[in-house]
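Peer 1: Mind having a look at this structure? Questions to follow.
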Amino acid sequence: MRIHHVGVAVAAIDEVLDDYVALGYTVGTRVVDDERRVEIAFVRNGDYVIELVAPAAADSPVDGLLKKVGPSPYHLCYVVDDIAVAVRELRSAGYVRITAPSPAPAIGYAAVAFLHHRRVGLIELVELAGPDQGVVV
Ligand code: NI
């Protein structure tokens, strides 16, 4: 499966964007995802797309990670043709579904789902409606 992005937990988007620009990244889409209680900014460096994820409200899903290890990569997101089929196949391969497929405002409302495997860790799947959806930078 092709990698769409690497998700990196950060404390605050505003505080870290300049650091990524200094590393050679271009800043793209930036949104607050109220449902997931996170602020997201996509940055690109050549073929590599990083999703910066910061808490936007209490009880954000990245709170625990930030508290335990600080800013850190924490998921890989893979592009799939059919997210329902992919979730089913991965569950039968030992992955636990963390979130059911739902639209992600940061990726043009493409459907995303999170799964966890005890040896692999956390992964995200995204089903893109077309080549332009999810163009982030
Ligand atoms: Ni992601």
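Chain labels follow the order of the structure tokens: the first chain is A, the next B, and so on; residue numbering restarts at 1 in every chain, and ligands are counted from 1 in their shown order.
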For ligand 1, return the neighbouring residues as number ranges by chain (distance at most 12 Å; only C-alpha atoms and all ligand atoms).
Peer 2: A: 3-9, 33, 36, 38-42, 49-54, 61-62, 73-79, 104-107, 110-115, 122-126, 134
Peer 1: To test your reading of the structure, identify every residue in range 3-73 of chain A that backbone DSSP assigns to helix (DSSP H, G or I), and report it as a list in words.
Peer 2: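 Those in range 3-73 of chain A that DSSP calls helix (DSSP H, G or I) are Ile13, Asp14, Glu15, Val16, Leu17, Asp18, Asp19, Tyr20, Val21, Ala22, Asp63, Gly64, Leu65, Leu66, Lys67, Lys68 and Val69 of chain A.
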Peer 1: Name the closest residue to Gln133 in chain A among the candidates A:Ala58, A:Leu17, A:Thr29, A:Val120; distances are taken between atoms, counting only C-alpha atoms.
Peer 2: A:Thr29
Peer 1: Could you pull out the residues in range 40-121 of chain A that DSSP calls strand (DSSP E or B) from the backbone, as a ChimeraX atom specification?
Peer 2: /A:40-45,48-55,72-79,96-104,110-117,121
Peer 1: Suppose you want the space between CA of Leu66 in chain A and CA of Val10 in chain A; what is it in Å?
Peer 2: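 Atom-to-atom, CA of Leu66 in chain A and CA of Val10 in chain A are spaced 7.1 Å apart.
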Peer 1: Name all residues at most 10 Å from Gly46 in chain A (count only C-alpha atoms; drop same-chain ones fewer than 2 positions away) and give them as a PyMOL selection string.
Peer 2: chain A and resi 24-26+43-44+48-49
Peer 1: Go through A:Asp19, A:Val80, A:Gly121, A:Asp47 one by one, measure the shortest atom-to-atom distance of each to Val96 in chain A using only C-alpha atoms, and give the residue with the smallest value.
Peer 2: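 Among the listed residues, the smallest separation from Val96 in chain A belongs to A:Gly121.
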Peer 1: Could you tell me which of A:Ala93, A:Leu23, A:Ile98, A:Leu65 comes closest to Arg119 in chain A if we count only C-alpha atoms?
Peer 2: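 That would be A:Ala93, the residue with the smallest distance to Arg119 in chain A.
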